[in-house]
>>> print(open('entry-v3.txt').read())   # compact mmCIF, C-alpha atoms and all ligand atoms
# COMPACT_ATOMS: atom_id res chain seq x y z
CA MET T 1 19.08 -14.30 37.58
CA PHE T 2 17.65 -14.29 34.05
CA ALA T 3 16.03 -11.51 32.04
CA SER T 4 12.29 -11.73 31.45
CA ARG T 5 12.87 -11.31 27.72
CA THR T 6 14.35 -14.80 27.66
CA ASP T 7 11.65 -16.39 29.79
CA TRP T 8 10.34 -18.41 26.84
CA HIS T 9 7.97 -21.31 27.05
CA LEU T 10 10.54 -23.93 26.06
CA GLU T 11 8.54 -27.15 26.32
CA PRO T 12 8.11 -28.65 22.83
CA ASN T 13 4.57 -28.16 21.54
CA ARG T 14 2.32 -31.12 20.72
CA PHE T 15 3.21 -30.88 17.04
CA ALA T 16 6.96 -31.13 17.82
CA VAL T 17 6.36 -34.04 20.21
CA ALA T 18 4.32 -35.90 17.58
CA LEU T 19 7.09 -35.36 15.00
CA GLU T 20 9.76 -36.58 17.41
CA GLU T 21 7.71 -39.70 18.11
CA HIS T 22 7.13 -40.29 14.39
CA ARG T 23 10.86 -40.07 13.73
CA ARG T 24 11.73 -42.27 16.73
CA ARG T 25 9.54 -45.01 15.33
CA GLY T 26 11.36 -44.72 11.98
CA LYS T 27 8.09 -44.26 10.09
CA PRO T 28 8.19 -42.80 6.55
CA LEU T 29 8.07 -39.04 6.52
CA PHE T 30 7.25 -36.64 3.66
CA GLU T 31 8.46 -33.23 4.73
CA LEU T 32 6.45 -30.51 3.05
CA THR T 33 7.81 -28.02 5.56
CA ASN T 34 11.44 -27.94 4.51
CA SER T 35 12.70 -24.40 3.81
CA ASN T 36 16.37 -25.31 3.72
CA PRO T 37 17.50 -25.26 0.07
CA THR T 38 20.82 -26.96 0.87
CA THR T 39 18.97 -30.24 1.59
CA CYS T 40 16.68 -30.30 -1.44
CA GLY T 41 18.91 -31.73 -4.18
CA PHE T 42 19.90 -28.51 -5.97
CA ARG T 43 23.14 -28.68 -7.97
CA TYR T 44 25.51 -26.19 -6.33
CA PRO T 45 28.64 -25.12 -8.27
CA GLU T 46 30.83 -26.56 -5.52
CA ASP T 47 34.25 -25.88 -7.05
CA GLN T 48 33.42 -22.25 -7.76
CA LEU T 49 32.08 -21.77 -4.26
CA PHE T 50 35.13 -23.28 -2.61
CA ALA T 51 37.48 -21.33 -4.88
CA THR T 52 35.84 -18.05 -3.97
CA LEU T 53 35.87 -18.87 -0.26
CA SER T 54 39.62 -19.48 -0.30
CA ASP T 55 40.60 -15.97 -1.39
CA ARG T 56 44.01 -15.35 0.21
CA ARG T 57 43.11 -11.73 0.96
CA ALA T 58 40.99 -13.18 3.77
CA LEU T 59 44.20 -13.85 5.72
CA ARG T 60 44.42 -10.17 6.51
CA TYR T 61 41.90 -8.46 8.82
CA GLU T 62 40.91 -5.04 7.51
CA PRO T 63 37.34 -4.58 8.72
CA GLU T 64 35.00 -1.88 7.49
CA SER T 65 32.04 -0.87 9.67
CA LEU T 66 29.49 -1.03 6.84
CA GLY T 67 31.05 -4.15 5.33
CA LEU T 68 33.78 -4.52 2.70
CA ARG T 69 33.37 -1.99 -0.09
CA GLN T 70 33.67 -4.53 -2.92
CA ALA T 71 30.89 -6.62 -1.38
CA ARG T 72 28.68 -3.53 -0.98
CA GLU T 73 29.33 -2.64 -4.62
CA ALA T 74 28.25 -6.12 -5.69
CA ILE T 75 25.05 -5.66 -3.68
CA ALA T 76 24.46 -2.26 -5.31
CA ASP T 77 24.83 -4.03 -8.68
CA TYR T 78 22.12 -6.52 -7.69
CA TYR T 79 19.62 -3.62 -7.69
CA ARG T 80 20.75 -2.14 -11.02
CA GLY T 81 18.01 -2.22 -13.66
CA ARG T 82 15.22 -3.13 -11.24
CA PRO T 83 12.07 -1.06 -10.94
CA GLY T 84 11.51 0.90 -7.72
CA PHE T 85 8.16 1.76 -6.16
CA PHE T 86 8.85 5.47 -6.08
CA GLY T 87 11.20 5.88 -9.03
CA THR T 88 14.84 4.93 -9.59
CA LYS T 89 16.50 8.27 -10.31
CA THR T 90 18.86 7.64 -7.39
CA PRO T 91 20.54 4.28 -7.93
CA VAL T 92 21.30 2.12 -4.89
CA GLY T 93 24.85 3.13 -3.96
CA SER T 94 27.34 1.25 -1.79
CA GLY T 95 27.27 4.15 0.71
CA ARG T 96 23.68 3.31 1.65
CA ILE T 97 24.36 -0.38 2.26
CA VAL T 98 25.26 -2.18 5.49
CA ILE T 99 26.30 -5.83 5.39
CA THR T 100 25.09 -8.04 8.23
CA SER T 101 25.44 -11.62 9.28
CA GLY T 102 22.09 -12.63 7.77
CA THR T 103 18.74 -10.86 7.57
CA SER T 104 17.85 -11.73 11.14
CA GLU T 105 20.78 -9.68 12.37
CA ALA T 106 19.72 -6.88 10.04
CA TYR T 107 16.36 -6.77 11.85
CA ASN T 108 18.19 -6.43 15.14
CA TYR T 109 20.29 -3.52 13.85
CA ILE T 110 17.16 -1.75 12.64
CA PHE T 111 15.14 -2.33 15.81
CA ARG T 112 18.09 -1.03 17.82
CA LEU T 113 18.43 1.96 15.50
CA LEU T 114 14.78 2.98 15.73
CA CYS T 115 13.19 1.77 18.96
CA GLU T 116 13.29 2.54 22.64
CA VAL T 117 12.50 -0.30 25.04
CA GLY T 118 8.78 -1.09 24.72
CA ASP T 119 8.25 0.64 21.38
CA GLU T 120 6.17 -1.14 18.78
CA VAL T 121 6.80 -2.37 15.28
CA LEU T 122 3.84 -3.32 13.11
CA VAL T 123 4.21 -6.74 11.52
CA PRO T 124 1.89 -8.36 8.97
CA ALA T 125 -0.37 -11.26 9.95
CA PRO T 126 -0.18 -13.88 8.59
CA SER T 127 3.60 -13.76 8.16
CA TYR T 128 7.05 -14.97 9.20
CA PRO T 129 6.94 -16.54 12.69
CA LEU T 130 10.37 -15.29 13.78
CA PHE T 131 9.20 -11.67 14.24
CA GLU T 132 8.06 -12.37 17.77
CA TYR T 133 11.58 -13.47 18.76
CA LEU T 134 13.47 -10.91 16.69
CA ALA T 135 11.41 -8.10 18.21
CA GLY T 136 11.35 -9.56 21.73
CA LEU T 137 15.13 -9.89 21.85
CA ALA T 138 15.42 -6.22 20.95
CA ASP T 139 12.85 -5.26 23.65
CA VAL T 140 10.37 -4.26 20.97
CA ARG T 141 6.71 -5.29 20.86
CA PRO T 142 5.52 -6.77 17.55
CA ALA T 143 2.02 -5.40 16.85
CA PRO T 144 0.23 -7.40 14.14
CA TYR T 145 -1.71 -5.71 11.32
CA PRO T 146 -3.97 -7.85 9.15
CA LEU T 147 -3.60 -8.92 5.56
CA LEU T 148 -6.97 -9.81 4.01
CA TYR T 149 -7.68 -12.51 1.47
CA ASN T 150 -10.21 -11.85 -1.24
CA GLN T 151 -9.14 -13.46 -4.54
CA GLY T 152 -5.61 -12.50 -3.48
CA TRP T 153 -3.96 -10.92 -0.46
CA GLN T 154 -4.00 -7.24 0.35
CA VAL T 155 -3.02 -4.99 3.23
CA ASP T 156 -5.97 -4.12 5.47
CA PHE T 157 -5.27 -0.41 5.88
CA ALA T 158 -8.13 0.05 8.35
CA GLY T 159 -6.55 -2.71 10.45
CA LEU T 160 -3.11 -1.16 10.04
CA SER T 161 -4.36 2.26 11.19
CA ALA T 162 -6.08 0.65 14.16
CA ALA T 163 -2.82 -1.06 15.16
CA LEU T 164 -0.83 2.21 15.20
CA THR T 165 -0.19 3.78 18.59
CA ALA T 166 2.02 6.54 19.98
CA ARG T 167 4.69 3.84 20.52
CA SER T 168 4.73 2.68 16.87
CA LYS T 169 8.12 3.22 15.21
CA ALA T 170 8.02 1.21 11.99
CA VAL T 171 5.89 -0.94 9.71
CA VAL T 172 7.33 -4.21 8.42
CA VAL T 173 6.32 -5.43 4.96
CA VAL T 174 7.47 -8.78 3.62
CA HIS T 175 7.63 -8.48 -0.14
CA PRO T 176 6.66 -11.10 -1.21
CA ASN T 177 5.28 -12.33 2.05
CA ASN T 178 6.11 -15.65 3.69
CA PRO T 179 3.93 -17.76 3.53
CA THR T 180 1.14 -16.03 1.55
CA GLY T 181 3.38 -15.32 -1.47
CA SER T 182 1.77 -11.90 -1.95
CA PHE T 183 3.68 -8.86 -3.21
CA ILE T 184 2.94 -5.32 -2.05
CA LYS T 185 1.14 -3.49 -4.87
CA ARG T 186 2.16 -0.04 -6.10
CA GLU T 187 -0.91 1.68 -4.58
CA GLU T 188 -0.28 -0.10 -1.27
CA ALA T 189 3.36 1.01 -1.23
CA GLN T 190 2.27 4.57 -1.96
CA ARG T 191 -0.37 4.59 0.77
CA LEU T 192 1.98 2.99 3.28
CA ALA T 193 4.77 5.48 2.52
CA GLU T 194 2.35 8.39 2.98
CA ILE T 195 1.21 7.06 6.36
CA CYS T 196 4.79 6.45 7.45
CA ALA T 197 6.06 9.85 6.26
CA ARG T 198 3.18 11.62 8.01
CA ARG T 199 3.71 9.81 11.32
CA ASP T 200 7.54 9.65 11.30
CA LEU T 201 7.54 5.88 10.97
CA ALA T 202 10.05 3.85 9.02
CA ILE T 203 9.21 1.15 6.49
CA ILE T 204 11.13 -2.08 7.02
CA ALA T 205 10.85 -4.00 3.73
CA ASP T 206 11.94 -7.64 3.86
CA GLU T 207 12.69 -8.59 0.25
CA VAL T 208 14.44 -11.92 0.78
CA PHE T 209 12.06 -13.64 -1.71
CA LEU T 210 11.94 -10.75 -4.22
CA ASP T 211 13.47 -12.81 -7.04
CA TYR T 212 10.82 -15.54 -6.87
CA ALA T 213 7.84 -14.03 -8.66
CA ASP T 214 5.47 -16.42 -10.45
CA GLY T 215 4.88 -13.97 -13.30
CA PRO T 216 7.37 -12.63 -15.87
CA GLU T 217 7.42 -9.05 -14.56
CA LEU T 218 10.31 -7.85 -12.40
CA PRO T 219 8.73 -6.80 -9.08
CA SER T 220 9.41 -3.30 -7.77
CA SER T 221 11.82 -2.92 -4.88
CA PHE T 222 11.65 -0.59 -1.88
CA ALA T 223 15.41 0.01 -2.07
CA PHE T 224 15.30 3.14 -4.24
CA GLU T 225 13.96 6.55 -3.34
CA SER T 226 11.05 6.73 -0.92
CA PRO T 227 8.96 9.46 0.75
CA SER T 228 9.63 7.94 4.19
CA LEU T 229 12.71 6.44 5.80
CA THR T 230 12.87 2.95 4.33
CA VAL T 231 15.20 0.08 5.11
CA THR T 232 15.21 -2.81 2.68
CA LEU T 233 16.54 -6.14 3.90
CA SER T 234 17.78 -9.07 1.87
CA GLY T 235 20.58 -11.62 1.72
CA VAL T 236 22.10 -14.62 -0.01
CA SER T 237 20.10 -17.08 2.06
CA LYS T 238 17.23 -17.06 -0.45
CA ILE T 239 18.75 -15.09 -3.36
CA SER T 240 21.62 -17.54 -3.88
CA LEU T 241 20.20 -20.48 -1.88
CA LEU T 242 23.09 -20.12 0.57
CA PRO T 243 21.66 -19.69 4.11
CA GLN T 244 24.81 -21.18 5.66
CA MET T 245 26.91 -18.25 4.42
CA LYS T 246 25.13 -15.93 6.87
CA LEU T 247 25.30 -12.86 4.65
CA GLY T 248 22.53 -10.31 4.56
CA TRP T 249 22.26 -6.58 4.05
CA ILE T 250 20.33 -3.41 4.70
CA VAL T 251 19.73 -0.72 2.05
CA VAL T 252 18.68 2.64 3.49
CA SER T 253 16.57 5.02 1.40
CA GLY T 254 14.22 7.97 1.88
CA PRO T 255 14.61 11.69 2.65
CA SER T 256 18.35 12.47 2.59
CA VAL T 257 18.56 13.96 6.10
CA LEU T 258 17.06 10.79 7.57
CA VAL T 259 19.19 8.54 5.38
CA ASP T 260 22.38 10.34 6.46
CA THR T 261 21.53 10.08 10.15
CA ALA T 262 20.53 6.43 9.82
CA MET T 263 23.78 5.60 8.00
CA GLN T 264 25.95 7.41 10.58
CA ARG T 265 24.29 5.46 13.37
CA LEU T 266 24.30 2.15 11.52
CA GLU T 267 28.01 2.63 10.95
CA VAL T 268 28.54 2.69 14.71
CA ILE T 269 26.31 -0.37 15.22
CA GLY T 270 28.23 -2.18 12.46
CA ASP T 271 31.55 -1.10 13.91
CA THR T 272 30.55 -2.43 17.33
CA TYR T 273 30.03 -5.99 16.09
CA LEU T 274 31.90 -6.27 12.75
CA SER T 275 30.07 -9.56 12.48
CA PRO T 276 30.13 -10.66 8.81
CA SER T 277 33.27 -12.72 8.21
CA THR T 278 35.95 -11.52 5.77
CA PRO T 279 36.01 -14.75 3.66
CA GLY T 280 32.24 -14.54 3.24
CA GLN T 281 32.31 -10.88 2.24
CA LEU T 282 35.14 -11.46 -0.24
CA ALA T 283 33.04 -14.23 -1.81
CA LEU T 284 29.76 -12.30 -1.83
CA ALA T 285 30.14 -10.90 -5.36
CA GLU T 286 30.66 -14.41 -6.75
CA MET T 287 27.71 -15.76 -4.73
CA LEU T 288 25.53 -13.16 -6.41
CA VAL T 289 26.85 -14.20 -9.84
CA LEU T 290 26.08 -17.84 -9.02
CA ARG T 291 22.49 -16.95 -8.19
CA GLU T 292 21.45 -17.01 -11.84
CA ASP T 293 21.77 -20.77 -12.23
CA LEU T 294 20.58 -21.56 -8.69
CA GLN T 295 17.50 -19.40 -9.09
CA ARG T 296 16.75 -21.08 -12.42
CA GLN T 297 16.81 -24.46 -10.67
CA MET T 298 14.64 -23.14 -7.85
CA ARG T 299 12.08 -21.60 -10.23
CA GLN T 300 11.82 -24.92 -12.08
CA ARG T 301 11.27 -26.73 -8.78
CA LEU T 302 8.64 -24.27 -7.54
CA CYS T 303 6.82 -24.41 -10.85
CA ALA T 304 6.90 -28.23 -11.10
CA ASN T 305 5.65 -28.72 -7.54
CA LEU T 306 2.96 -26.09 -7.91
CA VAL T 307 1.72 -27.57 -11.20
CA PHE T 308 1.61 -31.03 -9.61
CA LEU T 309 -0.31 -29.74 -6.61
CA ASP T 310 -2.80 -27.89 -8.80
CA THR T 311 -3.36 -30.95 -10.96
CA LEU T 312 -4.28 -32.93 -7.87
CA LEU T 313 -6.52 -30.14 -6.61
CA GLN T 314 -8.30 -29.82 -9.96
CA LYS T 315 -9.84 -33.22 -9.39
CA GLY T 316 -12.27 -31.32 -7.20
CA GLY T 317 -13.10 -31.39 -3.53
CA SER T 318 -13.12 -29.27 -0.45
CA VAL T 319 -9.42 -28.31 -0.42
CA ASP T 320 -8.30 -25.29 -2.41
CA ARG T 321 -5.07 -23.38 -2.84
CA LEU T 322 -5.04 -19.68 -2.09
CA LYS T 323 -3.82 -17.40 -4.86
CA ARG T 324 -0.12 -16.63 -4.65
CA GLU T 325 2.20 -14.41 -6.67
CA GLY T 326 5.60 -15.75 -5.65
CA GLY T 327 7.80 -17.02 -2.83
CA TRP T 328 8.47 -20.60 -1.77
CA TYR T 329 5.15 -21.62 -0.20
CA ALA T 330 1.59 -22.62 -0.99
CA VAL T 331 -1.32 -22.11 1.37
CA LEU T 332 -4.19 -24.60 1.36
CA ARG T 333 -7.63 -23.83 2.71
CA VAL T 334 -8.98 -27.05 4.17
CA PRO T 335 -12.14 -28.25 5.88
CA THR T 336 -11.63 -28.50 9.61
CA THR T 337 -13.63 -28.84 12.76
CA GLY T 338 -10.82 -28.12 15.19
CA PRO T 339 -7.48 -26.36 15.65
CA ASP T 340 -4.98 -26.50 12.77
CA GLU T 341 -2.40 -27.98 15.11
CA ASP T 342 -4.63 -31.02 15.79
CA LEU T 343 -5.19 -31.36 12.07
CA ALA T 344 -1.45 -31.21 11.27
CA ILE T 345 -0.77 -33.87 13.94
CA ASP T 346 -3.55 -36.05 12.55
CA ILE T 347 -2.09 -35.72 9.02
CA LEU T 348 1.36 -36.62 10.30
CA GLU T 349 0.21 -39.65 12.25
CA SER T 350 -2.13 -41.07 9.66
CA SER T 351 -0.36 -40.12 6.41
CA GLY T 352 3.28 -39.48 7.33
CA VAL T 353 3.10 -35.98 5.80
CA LEU T 354 4.55 -32.98 7.59
CA VAL T 355 2.80 -29.66 6.88
CA HIS T 356 2.72 -26.47 8.91
CA PRO T 357 -0.51 -25.52 10.65
CA GLY T 358 -1.64 -22.00 9.67
CA HIS T 359 -1.57 -20.78 13.26
CA PHE T 360 2.22 -21.11 13.14
CA PHE T 361 2.15 -18.09 10.79
CA ASP T 362 -0.60 -16.27 12.66
CA PHE T 363 -3.51 -16.95 10.30
CA PRO T 364 -6.64 -15.32 11.70
CA ARG T 365 -8.57 -18.58 12.01
CA ASP T 366 -8.24 -22.34 11.65
CA GLY T 367 -8.48 -24.15 8.34
CA PHE T 368 -5.15 -23.27 6.71
CA LEU T 369 -2.10 -25.43 6.03
CA VAL T 370 1.23 -24.20 4.68
CA LEU T 371 3.32 -26.30 2.29
CA SER T 372 6.87 -25.54 1.26
CA LEU T 373 7.27 -25.96 -2.51
CA ILE T 374 11.04 -26.51 -2.51
CA ALA T 375 11.15 -30.22 -1.63
CA ARG T 376 12.52 -32.68 -4.21
CA GLU T 377 9.81 -33.40 -6.74
CA ALA T 378 9.43 -37.12 -5.88
CA GLU T 379 9.04 -36.34 -2.17
CA PHE T 380 6.68 -33.45 -2.82
CA GLN T 381 4.50 -35.52 -5.14
CA GLU T 382 4.13 -38.45 -2.75
CA GLY T 383 3.52 -36.05 0.15
CA ALA T 384 0.89 -34.09 -1.78
CA ARG T 385 -0.87 -37.30 -2.93
CA ARG T 386 -1.02 -38.61 0.63
CA LEU T 387 -2.20 -35.26 1.93
CA LEU T 388 -5.13 -35.13 -0.47
CA ARG T 389 -5.94 -38.78 0.20
CA PHE T 390 -6.18 -37.78 3.87
CA PHE T 391 -8.94 -35.32 3.01
CA TYR T 392 -10.69 -37.21 0.24
CA GLY T 393 -10.07 -40.77 1.38
CA THR T 394 -9.32 -42.13 -2.09
C1 LIG Q 1 10.62 -13.46 5.42
C2 LIG Q 1 11.98 -13.91 5.87
N1 LIG Q 1 12.89 -13.01 6.26
C3 LIG Q 1 14.12 -13.37 6.69
C4 LIG Q 1 14.49 -14.70 6.72
C5 LIG Q 1 15.84 -15.08 7.26
O1 LIG Q 1 16.85 -14.76 6.42
P1 LIG Q 1 18.40 -15.00 6.88
O2 LIG Q 1 18.69 -16.43 6.64
O3 LIG Q 1 19.14 -14.09 5.96
O4 LIG Q 1 18.52 -14.58 8.30
C6 LIG Q 1 13.57 -15.68 6.32
C7 LIG Q 1 13.94 -17.10 6.38
O5 LIG Q 1 13.17 -17.99 6.12
C8 LIG Q 1 12.29 -15.28 5.89
O6 LIG Q 1 11.38 -16.18 5.54
>>> encode(input="entry-v3.txt", output="structure tokens", more="lines below")
Ligand SMILES: Cc1ncc(COP(=O)(O)O)c(C=O)c1O
Amino acid sequence: MFASRTDWHLEPNRFAVALEEHRRRGKPLFELTNSNPTTCGFRYPEDQLFATLSDRRALRYEPESLGLRQAREAIADYYRGRPGFFGTKTPVGSGRIVITSGTSEAYNYIFRLLCEVGDEVLVPAPSYPLFEYLAGLADVRPAPYPLLYNQGWQVDFAGLSAALTARSKAVVVVHPNNPTGSFIKREEAQRLAEICARRDLAIIADEVFLDYADGPELPSSFAFESPSLTVTLSGVSKISLLPQMKLGWIVVSGPSVLVDTAMQRLEVIGDTYLSPSTPGQLALAEMLVLREDLQRQMRQRLCANLVFLDTLLQKGGSVDRLKREGGWYAVLRVPTTGPDEDLAIDILESSGVLVHPGHFFDFPRDGFLVLSLIAREAEFQEGARRLLRFFYGT
């Protein structure tokens, strides 16, 4: 009766079972895996948010296939003044924007726009674990291409070329990547765009963490002009710390003939679902205004937790933190004699600290743990102390 695309292995893995058991016993738990900003003690401007969500215009249903114009204009404004990889002569205009119900839905629109059943989309490894499901549900095969670590992360172009086949339709870049925190560099963007333009592939640039760079420089965006068809995805889930609002978007750029065709087709896809709610879209401009203060709080949190972690690590030992340039995560390289999953379970059971095993993000080998840096400082500090005590025993 059921489609093979939904024939998932649904039994909880050993890590999930161990966590369930830990919780059932009511043992203390230090969650260094939490990516949900709404549970991490940030001060949200509640009155402003509620006021903007109760706009009376929402009582009337006047849908627009690409999303409400005023919301698209607010998104276009978000890109104003930013650097672009290939120049910014053409500003991001509301006519090249499609609003979706979150970035995950944006991926679905794009896979549906570009791929026949069984086509392939190249995805970075290590990266965001949801690609397998997002692609699978759209009948697309995710084909991993490697990122290499050598004093920092970079795209392995030999690996990327080897992963390309006649079925490849697009290359996904996560900029900055989750969980490595690495941005795509200008030369990498250039090389990637040349490959994609030559082979009629699209670039799918996931920029949900773009605003969280460790350094002072504004990172370049893919949303401006580009030599190849490029779709840039983002949303308020990370930009304004509001994942529950389910508002994301797609910006289409590249050669004008391709952009026009993509927009015409995306308009029909959008019109078929009309999924983003009217109250949310009416509030989107205000959510983007509110991001300033929320991002300031988040940057302080990321910086404080990272500094604390580095201070602990400076005491010396066999654990080190991989270089990152932004995002919400830190990757630790740790001594191990077995699978990362066993290690993460061992850490949970003996220290009460929850960290993600690297294999969850498709790291090429064992010996990596991923920590979210957004937890409340007190919880992060106790978790990090216990974690290092686990390795060093003091
Ligand atoms: C790289 C990346 N893209 C997309 C998303 C999902 O965004 P949304 O909540 O808008 O669907 C996440 C969420 O963690 C993410 O890490």
>>> residues_around(input="entry-v3.txt", residues="stretch 113-125 of chain T", least_positions_apart="5", cutoff="7 Å", atoms="only C-alpha atoms", output="list in words")
Asp139, Val140, Arg141, Pro142, Ala143, Pro144, Tyr145, Pro146, Leu147, Arg167, Ser168, Lys169, Ala170, Val171, Val172, Val173, Asp362 and Phe363 of chain T
>>> residues_near_ligand(input="entry-v3.txt", ligand="ligand LIG 1 (chain Q)", cutoff="7 Å", atoms="only C-alpha atoms and all ligand atoms", output="JSON, numbers by chain")
{"T": [35, 102, 103, 104, 105, 128, 174, 177, 178, 206, 208, 234, 235, 236, 237, 243, 246, 247, 248]}
>>> atom_distance(input="entry-v3.txt", atom1="atom CA of T:Ser240", atom2="atom CA of T:Glu382")
27.3 Å
>>> closest_residue(input="entry-v3.txt", among="T:Leu130, T:Ile99, T:Cys196, T:Ile184", to="T:Ser220", atoms="all atoms listed in the file")
T:Ile184
>>> atom_distance(input="entry-v3.txt", atom1="atom CA of T:Val268", atom2="atom CA of T:Leu282")
21.6 Å
>>> residues_around(input="entry-v3.txt", residues="stretch 338-354 of chain T", least_positions_apart="2", cutoff="10 Å", atoms="only C-alpha atoms", output="VMD selection string")
chain T and resid 13 to 19 21 to 23 27 to 34 334 to 336 356 to 360 363 365 to 371 379 to 380 382 to 391
>>> residues_around(input="entry-v3.txt", residues="T:Val231", least_positions_apart="2", cutoff="12 Å", atoms="all atoms listed in the file", output="PyMOL selection string")
chain T and resi 92+96-98+103+106-107+109-111+113-114+170-174+201-207+221-226+228-229+233-234+249-255+258-259+262-263+266
>>> write_last_selection(input="entry-v3.txt", atoms="C-alpha atoms", output="compact mmCIF listing (two decimals), in the frame of the given file")
# COMPACT_ATOMS: atom_id res chain seq x y z
CA VAL T 92 21.30 2.12 -4.89
CA ARG T 96 23.68 3.31 1.65
CA ILE T 97 24.36 -0.38 2.26
CA VAL T 98 25.26 -2.18 5.49
CA THR T 103 18.74 -10.86 7.57
CA ALA T 106 19.72 -6.88 10.04
CA TYR T 107 16.36 -6.77 11.85
CA TYR T 109 20.29 -3.52 13.85
CA ILE T 110 17.16 -1.75 12.64
CA PHE T 111 15.14 -2.33 15.81
CA LEU T 113 18.43 1.96 15.50
CA LEU T 114 14.78 2.98 15.73
CA ALA T 170 8.02 1.21 11.99
CA VAL T 171 5.89 -0.94 9.71
CA VAL T 172 7.33 -4.21 8.42
CA VAL T 173 6.32 -5.43 4.96
CA VAL T 174 7.47 -8.78 3.62
CA LEU T 201 7.54 5.88 10.97
CA ALA T 202 10.05 3.85 9.02
CA ILE T 203 9.21 1.15 6.49
CA ILE T 204 11.13 -2.08 7.02
CA ALA T 205 10.85 -4.00 3.73
CA ASP T 206 11.94 -7.64 3.86
CA GLU T 207 12.69 -8.59 0.25
CA SER T 221 11.82 -2.92 -4.88
CA PHE T 222 11.65 -0.59 -1.88
CA ALA T 223 15.41 0.01 -2.07
CA PHE T 224 15.30 3.14 -4.24
CA GLU T 225 13.96 6.55 -3.34
CA SER T 226 11.05 6.73 -0.92
CA SER T 228 9.63 7.94 4.19
CA LEU T 229 12.71 6.44 5.80
CA LEU T 233 16.54 -6.14 3.90
CA SER T 234 17.78 -9.07 1.87
CA TRP T 249 22.26 -6.58 4.05
CA ILE T 250 20.33 -3.41 4.70
CA VAL T 251 19.73 -0.72 2.05
CA VAL T 252 18.68 2.64 3.49
CA SER T 253 16.57 5.02 1.40
CA GLY T 254 14.22 7.97 1.88
CA PRO T 255 14.61 11.69 2.65
CA LEU T 258 17.06 10.79 7.57
CA VAL T 259 19.19 8.54 5.38
CA ALA T 262 20.53 6.43 9.82
CA MET T 263 23.78 5.60 8.00
CA LEU T 266 24.30 2.15 11.52
>>> atom_distance(input="entry-v3.txt", atom1="atom CA of T:Leu210", atom2="atom CA of T:Ser372")
16.6 Å
>>> residues_around(input="entry-v3.txt", residues="stretch 73-80 of chain T", least_positions_apart="4", cutoff="7 Å", atoms="all atoms listed in the file", output="list in words")
Arg69, Val92, Gly93, Ser94 and Ala285 of chain T
>>> closest_residue(input="entry-v3.txt", among="T:Val155, T:Leu148, T:Val319, T:Ala213", to="T:Ala189", atoms="all atoms listed in the file")
T:Val155
>>> residues_around(input="entry-v3.txt", residues="T:Gln48", least_positions_apart="4", cutoff="12 Å", atoms="only C-alpha atoms", output="PyMOL selection string")
chain T and resi 44+52-55+283+286-287+289-290
>>> closest_residue(input="entry-v3.txt", among="T:Gln314, T:Gln381, T:Gln190, T:Thr165", to="T:Gly87", atoms="all atoms listed in the file")
T:Gln190
>>> axis_aligned_box(input="entry-v3.txt", around="stretch 351-370 of chain T", padding_each_side="4 Å", output="lines of an AutoDock Vina configuration file")
center_x = -2.0
center_y = -27.7
center_z = 9.0
size_x = 21.1
size_y = 32.8
size_z = 16.6
>>> closest_residue(input="entry-v3.txt", among="T:Phe157, T:Phe42, T:Phe85, T:Tyr149", to="T:Leu218", atoms="all atoms listed in the file")
T:Phe85
>>> closest_residue(input="entry-v3.txt", among="T:Leu332, T:Lys89, T:Leu137, T:Glu187", to="T:Arg112", atoms="all atoms listed in the file")
T:Leu137
>>> build_atoms(input="entry-v3.txt", residues="stretch 133-142 of chain T", atoms="N, CA and C atoms", output="CSV table (one decimal), keeping the file's coordinate frame")
chain,number,residue,atom,x,y,z
T,133,TYR,N,10.3,-13.3,18.1
T,133,TYR,CA,11.6,-13.5,18.8
T,133,TYR,C,12.5,-12.3,18.4
T,134,LEU,N,12.6,-12.0,17.1
T,134,LEU,CA,13.5,-10.9,16.7
T,134,LEU,C,13.1,-9.6,17.4
T,135,ALA,N,11.8,-9.3,17.5
T,135,ALA,CA,11.4,-8.1,18.2
T,135,ALA,C,11.6,-8.2,19.7
T,136,GLY,N,11.2,-9.4,20.3
T,136,GLY,CA,11.4,-9.6,21.7
T,136,GLY,C,12.8,-9.4,22.2
T,137,LEU,N,13.7,-10.0,21.4
T,137,LEU,CA,15.1,-9.9,21.8
T,137,LEU,C,15.7,-8.5,21.8
T,138,ALA,N,15.0,-7.6,21.0
T,138,ALA,CA,15.4,-6.2,21.0
T,138,ALA,C,14.5,-5.3,21.8
T,139,ASP,N,13.8,-6.0,22.7
T,139,ASP,CA,12.8,-5.3,23.6
T,139,ASP,C,11.8,-4.4,22.9
T,140,VAL,N,11.4,-4.9,21.8
T,140,VAL,CA,10.4,-4.3,21.0
T,140,VAL,C,9.1,-5.1,21.0
T,141,ARG,N,8.0,-4.5,20.9
T,141,ARG,CA,6.7,-5.3,20.9
T,141,ARG,C,6.2,-5.4,19.4
T,142,PRO,N,6.1,-6.6,18.9
T,142,PRO,CA,5.5,-6.8,17.6
T,142,PRO,C,4.0,-6.6,17.6
